[in-house]
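A short write-up of the structure that comes next.
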Protein chains: 2
Amino acid sequence: MNHVTLKSLAKDLGLSTSTVSKALSDSYEISSETKKRVLAHAKDKQYKPNQFAKNLRTGGTNTIGIIISSISNTFMAQIVQGIQEVAQKYEYDFIIMQSQEDADIEKKSLENLFAKGVNGILLSPVHETSNIALLEQMQEEGCPIVLFDRIDSSLNTHKVGVNNFMGSYEATQLLINSGHRRFLHIGAKGVGISKDRFNGFKKALDDADIPFSNDQYLQCTIGDIETMRKEIHEVFSKIKNKSLEIDAIFGGSDIISANCLGILAELDIKVPNEVSVIGFSNSDLAFALNPSLSTITQPAEEIGRLAVEKLEKILSKKRYAHIEFETVELDTTIVLRNSTRK
Amino acid sequence: MNHVTLKSLAKDLGLSTSTVSKALSDSYEISSETKKRVLAHAKDKQYKPNQFAKNLRTGGTNTIGIIISSISNTFMAQIVQGIQEVAQKYEYDFIIMQSQEDADIEKKSLENLFAKGVNGILLSPVHETSNIALLEQMQEEGCPIVLFDRIDSSLNTHKVGVNNFMGSYEATQLLINSGHRRFLHIGAKGVGISKDRFNGFKKALDDADIPFSNDQYLQCTIGDIETMRKEIHEVFSKIKNKSLEIDAIFGGSDIISANCLGILAELDIKVPNEVSVIGFSNSDLAFALNPSLSTITQPAEEIGRLAVEKLEKILSKKRYAHIEFETVELDTTIVLRNSTRK
DNA sequence: TTGTACGCGTTATCAG
DNA sequence: CTGATAACGCGTACAA
């Protein structure tokens, strides 16, 4: 009684495999009588179709590939949560791969997923130009790509993320309205959306006629956490010894924001008395920080959900050729906690 | 030029599919001359074997299933990182599923993975008795299971985790040595390893003749974060209004520890002046908290790596019958930061 | 050393 | 409404 297959079911019931197959897929060709018999027996025997045979036959895999920078990033984990939710709905499996902010690893992952014959890929690119040629080729060969989070790539496809410019603009404006004037903006080097975030920030300053000089903008290394900390530490030291006057720090990503607070504590710079801090962050721990961290929060799960929906849209219409690609920019939410002066 | 298959390669080279197949798998039956030709051509054509056909043929899938409570848990994310590392080495893919602390979802996930024909499963069980019967059945039917993190299950198999008793014992002892006497221990309700952690804690107290009453032990709900916070908040309120005298709080898991700090800050209970805090935690943010959180840290990635190695061991020896299962208990590391008085 | 032929479990086509 | 048959791409006895 090893494996229950179509054949074994057919034998049990005195039917042919094709009849059983059709019955199980609720084909109109089969009498409801037979369907009932087959279904009952299949359930009884706990029949599970062999996915590989199915995939081999149909060409599809019912699997989508996901490539993110790192799984141990709260924001990404939340997105994956959303992805899983909708993927389940459409009965997709998914394979997660990590690019670790490295374009070469990203390339390998893409090729790997493609070789596995995934139906489509959800990608948060390493940077705006990484592997564009490969991605285009994959699209042509019938493997649709949907970008999420980092949606500044020049690839022509669906993109799902947030309006980084606006989120940044509004947060900055809030800080300005509560009296902050000398800002330090810390962004991620080489990441395109960092530019949008910086631009939103800068626009708010300009609109309020607040001066800004280049030493108020740090583009720090991502991918290597130690280097990042060192870079931030260096600038904060200047704040500590008053060679750089700052009253508000704006962290451009989840990881940057978290590290800012830790380093400020190390240097014994009081938050928010000496300096306010606000940052893009989706960590549940933001509230646990002391002072709790004011954040610009992204609808991470919604990004994940929408990304799958977009992919499904392409997948379901594959044959119908021409698709109008769109970019969805969701709104961010600003949560003011205790790291910012009122 | 659609798909490159064995057949197409064979045609190109004027060979048969079987020769090509054997050449590609480096069979001794094929002349090194032919092998070179085939390999070169295959590389040229970017031939990728169809996994589904291969799997269908061989029965295996080269895929392992992973079931964890939640992907947005730093500790689990780190474990997955370790898993990925070793899985890559053995050329395994992996599918991640989340049980969300729910035994029914765990069951569905197990069945799903089994139906997919994964080679084996890495599982961090919802609790010590969840789905034991199913797991045993799956093992019998040739799907090996390796447990990690929560290794108190009665299932007979390889298990990889940490020595929770000792980690807890030593941490408590440290706090005792620095003068703490009135402890509050917060564990996760229904999770077996919480008992080990509590027992280690209790033993340290006993060995030092420190009295302990039941209201110094809170078993809080996991799976629903709001409920957890409410439960913790309630107890901490007693500390605040002095109806419960406590000078040290011991958080029994990553999530618990983080929430403790947040709630203490909310209630304006000074750490470590009024109360010291130490907790099991693997969050990178521990250092970013203010005061930074003293932690008992688990070698998460190593747990992941070892778990895959154990699984591979079973997989490679499948035919050789009798396997001696073992339980690996790695050591924890205590990192004292500023949340504990010296 | 190479080629032939079959089967893994499924779906799809076509005939009955 | 049902059944025989082919095919998906691969690996492997077995034959040459």
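Each chain in the structure tokens gets a letter, A, B, ..., in the order shown, and its residues are numbered from 1; ligands are numbered from 1 in order too.
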
Can you check which residues of chain D have any atom within 12 Å of chain B? Use only C-alpha atoms (C1' of nucleotides) and format it as a list in words.
-> DC8, DG9, DC10, DG11, DT12 and DA13 of chain D

Distance table requested - chain A against chain B, cut-off 6 Å, only C-alpha atoms: one row per qualifying residue with the closest atom pair and its distance in Å to one decimal, ordered by chain and rising residue number, as CSV.
```
residue,atom,partner,partner_atom,distance
A:Phe52,CA,B:Phe52,CA,4.9
A:Ala53,CA,B:Leu56,CA,5.9
A:Leu56,CA,B:Phe52,CA,5.6
A:Ile71,CA,B:Ala77,CA,5.9
A:Ser72,CA,B:Ala77,CA,4.9
A:Thr74,CA,B:Ser72,CA,5.9
A:Ala77,CA,B:Ser72,CA,4.9
A:Ile95,CA,B:Ile95,CA,5.7
A:Leu261,CA,B:Ala288,CA,5.6
A:Gly262,CA,B:Ala288,CA,3.5
A:Phe287,CA,B:Gly262,CA,5.9
A:Ala288,CA,B:Gly262,CA,3.5
A:Leu289,CA,B:Leu289,CA,5.0
A:Asn290,CA,B:Asn290,CA,5.1
```

Written selection (C-alpha atoms) as a PDB file, in the first residue's frame:
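Generated file (out_38.pdb):
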```
ATOM      1  CA  PHE A  52       6.087  16.557 -10.145  1.00  0.00           C
ATOM      2  CA  ALA A  53       4.169  14.493 -12.582  1.00  0.00           C
ATOM      3  CA  LEU A  56       6.015  17.821 -15.820  1.00  0.00           C
ATOM      4  CA  ILE A  71      15.340  37.343   5.807  1.00  0.00           C
ATOM      5  CA  SER A  72      16.493  38.689   9.150  1.00  0.00           C
ATOM      6  CA  THR A  74      11.887  42.798  10.092  1.00  0.00           C
ATOM      7  CA  ALA A  77       9.793  39.392   7.067  1.00  0.00           C
ATOM      8  CA  ILE A  95      10.831  29.696  -2.553  1.00  0.00           C
ATOM      9  CA  LEU A 261      19.592  54.827  18.518  1.00  0.00           C
ATOM     10  CA  GLY A 262      22.095  52.299  19.789  1.00  0.00           C
ATOM     11  CA  PHE A 287       7.948  50.915  20.873  1.00  0.00           C
ATOM     12  CA  ALA A 288      10.309  48.964  23.124  1.00  0.00           C
ATOM     13  CA  LEU A 289      13.136  51.360  22.631  1.00  0.00           C
ATOM     14  CA  ASN A 290      13.655  53.966  25.317  1.00  0.00           C
TER      15      ASN A 290
END
```

Which of A:Glu245, A:His3, A:Leu205, A:Lys159 sits closest to chain C [using only C-alpha atoms (C1' of nucleotides)] | A:His3

List every residue of segment 3-250 of chain A that DSSP, applied to the backbone of this structure, assigns to strand (DSSP E or B), and report them as a PyMOL selection string.
-> chain A and resi 63-68+93-98+120-123+145-148+159-162+183-188+217-220+248-250

May I ask you to extract the residues of chain B within 7 Å of chain C, using only C-alpha atoms (C1' of nucleotides), and to give them as a list of chain:residue names?
->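 Written out as asked, the residues are B:Ser16, B:Thr19, B:Glu29, B:Ile30, B:Ser31, B:Leu56, B:Arg57.
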
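The spacing separating atom CA of Gly179 of chain B from atom CA of Val271 of chain B amounts to 15.2 Å.
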
What is the distance between atom CA of Gly120 of chain B and atom CA of Lys89 of chain B, in Å to one decimal?
-> 15.9 Å

Write out as number ranges by chain the residues lying within 12 Å of segment 328-332 of chain A, counting only C-alpha atoms (C1' of nucleotides) and excluding same-chain residues fewer than 3 positions away.
-> A: 146-152, 157-171, 193, 197, 279-282, 295-304, 306-307, 309-310, 325, 335

Assign secondary structure with DSSP using the backbone only, and return the residues of segment 16-262 of chain A in helix (DSSP H, G or I) as JSON, numbers by chain.
-> {"A": [17, 18, 19, 20, 21, 22, 23, 24, 32, 33, 34, 35, 36, 37, 38, 39, 40, 41, 42, 43, 44, 51, 52, 53, 54, 55, 56, 57, 58, 74, 75, 76, 77, 78, 79, 80, 81, 82, 83, 84, 85, 86, 87, 88, 89, 103, 104, 105, 106, 107, 108, 109, 110, 111, 112, 113, 114, 115, 132, 133, 134, 135, 136, 137, 138, 139, 140, 164, 165, 166, 167, 168, 169, 170, 171, 172, 173, 174, 175, 176, 177, 192, 193, 194, 195, 196, 197, 198, 199, 200, 201, 202, 203, 204, 205, 206, 207, 214, 215, 216, 225, 226, 227, 228, 229, 230, 231, 232, 233, 234, 235, 236, 237, 238, 239, 240, 254, 255, 256, 257, 258, 259, 260, 261, 262]}

Would you save the residues from that selection as a compact mmCIF listing (two decimals), in the first residue's frame, using C-alpha atoms?
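Writing done, so here's again05.txt:
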```txt
# COMPACT_ATOMS: atom_id res chain seq x y z
CA THR A 17 -7.10 6.51 -14.96
CA SER A 18 -8.34 9.17 -17.29
CA THR A 19 -11.85 8.96 -15.89
CA VAL A 20 -10.52 9.27 -12.39
CA SER A 21 -8.31 12.17 -13.37
CA LYS A 22 -11.20 13.99 -14.94
CA ALA A 23 -13.51 13.24 -12.04
CA LEU A 24 -11.02 14.70 -9.60
CA SER A 32 -21.92 13.47 -10.99
CA GLU A 33 -22.53 9.93 -9.88
CA THR A 34 -19.05 8.81 -10.78
CA LYS A 35 -17.53 11.98 -9.47
CA LYS A 36 -18.96 11.28 -6.07
CA ARG A 37 -17.66 7.74 -6.01
CA VAL A 38 -14.21 8.81 -7.10
CA LEU A 39 -14.01 11.72 -4.71
CA ALA A 40 -15.11 9.61 -1.79
CA HIS A 41 -12.62 6.90 -2.54
CA ALA A 42 -9.81 9.38 -3.11
CA LYS A 43 -10.46 11.01 0.21
CA ASP A 44 -10.66 7.62 1.86
CA GLN A 51 3.11 17.47 -8.05
CA PHE A 52 6.09 16.56 -10.14
CA ALA A 53 4.17 14.49 -12.58
CA LYS A 54 1.60 17.23 -12.72
CA ASN A 55 4.20 19.91 -13.30
CA LEU A 56 6.02 17.82 -15.82
CA ARG A 57 2.84 17.37 -17.73
CA THR A 58 1.45 20.88 -17.48
CA THR A 74 11.89 42.80 10.09
CA PHE A 75 10.48 44.78 7.22
CA MET A 76 11.17 42.01 4.72
CA ALA A 77 9.79 39.39 7.07
CA GLN A 78 6.55 41.33 7.23
CA ILE A 79 6.38 41.56 3.47
CA VAL A 80 6.90 37.82 3.20
CA GLN A 81 4.04 37.39 5.64
CA GLY A 82 1.80 39.26 3.23
CA ILE A 83 3.10 37.32 0.29
CA GLN A 84 2.38 34.05 1.99
CA GLU A 85 -1.16 35.08 2.74
CA VAL A 86 -2.08 35.71 -0.88
CA ALA A 87 0.11 32.98 -2.29
CA GLN A 88 -1.89 30.54 -0.23
CA LYS A 89 -5.08 31.87 -1.71
CA ALA A 103 24.22 41.74 -7.33
CA ASP A 104 26.10 38.53 -8.13
CA ILE A 105 24.17 36.52 -5.57
CA GLU A 106 21.03 38.12 -6.91
CA LYS A 107 21.97 36.91 -10.37
CA LYS A 108 22.61 33.37 -9.18
CA SER A 109 19.31 33.35 -7.35
CA LEU A 110 17.44 34.54 -10.40
CA GLU A 111 19.03 31.88 -12.58
CA ASN A 112 18.37 29.25 -9.98
CA LEU A 113 14.71 30.15 -9.69
CA PHE A 114 14.36 30.30 -13.45
CA ALA A 115 15.95 26.89 -13.82
CA ILE A 132 18.37 44.38 -15.73
CA ALA A 133 19.43 42.52 -18.85
CA LEU A 134 18.86 39.15 -17.24
CA LEU A 135 15.50 40.22 -15.89
CA GLU A 136 14.37 41.41 -19.29
CA GLN A 137 15.46 38.18 -20.85
CA MET A 138 13.60 36.17 -18.24
CA GLN A 139 10.49 38.18 -18.86
CA GLU A 140 10.73 37.53 -22.56
CA ASN A 164 9.00 57.37 -0.35
CA PHE A 165 9.12 60.98 -1.39
CA MET A 166 5.86 61.88 0.32
CA GLY A 167 6.50 59.85 3.45
CA SER A 168 9.81 61.53 3.85
CA TYR A 169 8.44 64.96 3.05
CA GLU A 170 5.67 64.75 5.59
CA ALA A 171 7.84 63.41 8.36
CA THR A 172 10.36 66.17 7.83
CA GLN A 173 7.61 68.75 7.81
CA LEU A 174 6.35 67.48 11.15
CA LEU A 175 9.78 67.88 12.67
CA ILE A 176 10.11 71.35 11.20
CA ASN A 177 6.77 72.34 12.63
CA GLY A 192 17.65 54.15 -5.41
CA ILE A 193 14.72 54.66 -3.10
CA SER A 194 17.11 56.34 -0.70
CA LYS A 195 17.26 59.13 -3.20
CA ASP A 196 13.50 59.54 -3.16
CA ARG A 197 13.59 59.64 0.60
CA PHE A 198 16.34 62.19 0.54
CA ASN A 199 14.56 64.26 -2.06
CA GLY A 200 11.35 64.34 -0.04
CA PHE A 201 13.35 65.38 2.96
CA LYS A 202 15.21 68.05 1.05
CA LYS A 203 12.04 69.42 -0.51
CA ALA A 204 10.48 69.92 2.91
CA LEU A 205 13.57 71.84 4.00
CA ASP A 206 13.54 73.96 0.87
CA ASP A 207 9.86 74.73 1.19
CA ASN A 214 26.46 68.45 2.44
CA ASP A 215 27.84 67.39 5.79
CA GLN A 216 24.25 66.94 6.91
CA ILE A 225 26.68 46.06 9.46
CA GLU A 226 30.02 46.79 11.11
CA THR A 227 31.03 49.27 8.46
CA MET A 228 27.68 50.97 8.75
CA ARG A 229 28.04 51.36 12.47
CA LYS A 230 31.51 52.77 12.12
CA GLU A 231 30.34 55.34 9.60
CA ILE A 232 27.44 56.42 11.76
CA HIS A 233 29.58 56.46 14.87
CA GLU A 234 32.01 58.78 13.17
CA VAL A 235 29.38 61.37 12.33
CA PHE A 236 27.70 61.13 15.70
CA SER A 237 31.04 61.78 17.35
CA LYS A 238 31.08 65.11 15.60
CA ILE A 239 27.68 65.85 17.04
CA LYS A 240 28.93 64.89 20.46
CA ASP A 254 14.87 50.14 9.23
CA ILE A 255 18.38 49.00 9.97
CA ILE A 256 19.86 52.47 9.90
CA SER A 257 17.28 53.82 12.34
CA ALA A 258 17.85 51.04 14.84
CA ASN A 259 21.57 51.45 14.75
CA CYS A 260 21.30 55.19 15.18
CA LEU A 261 19.59 54.83 18.52
CA GLY A 262 22.10 52.30 19.79
```
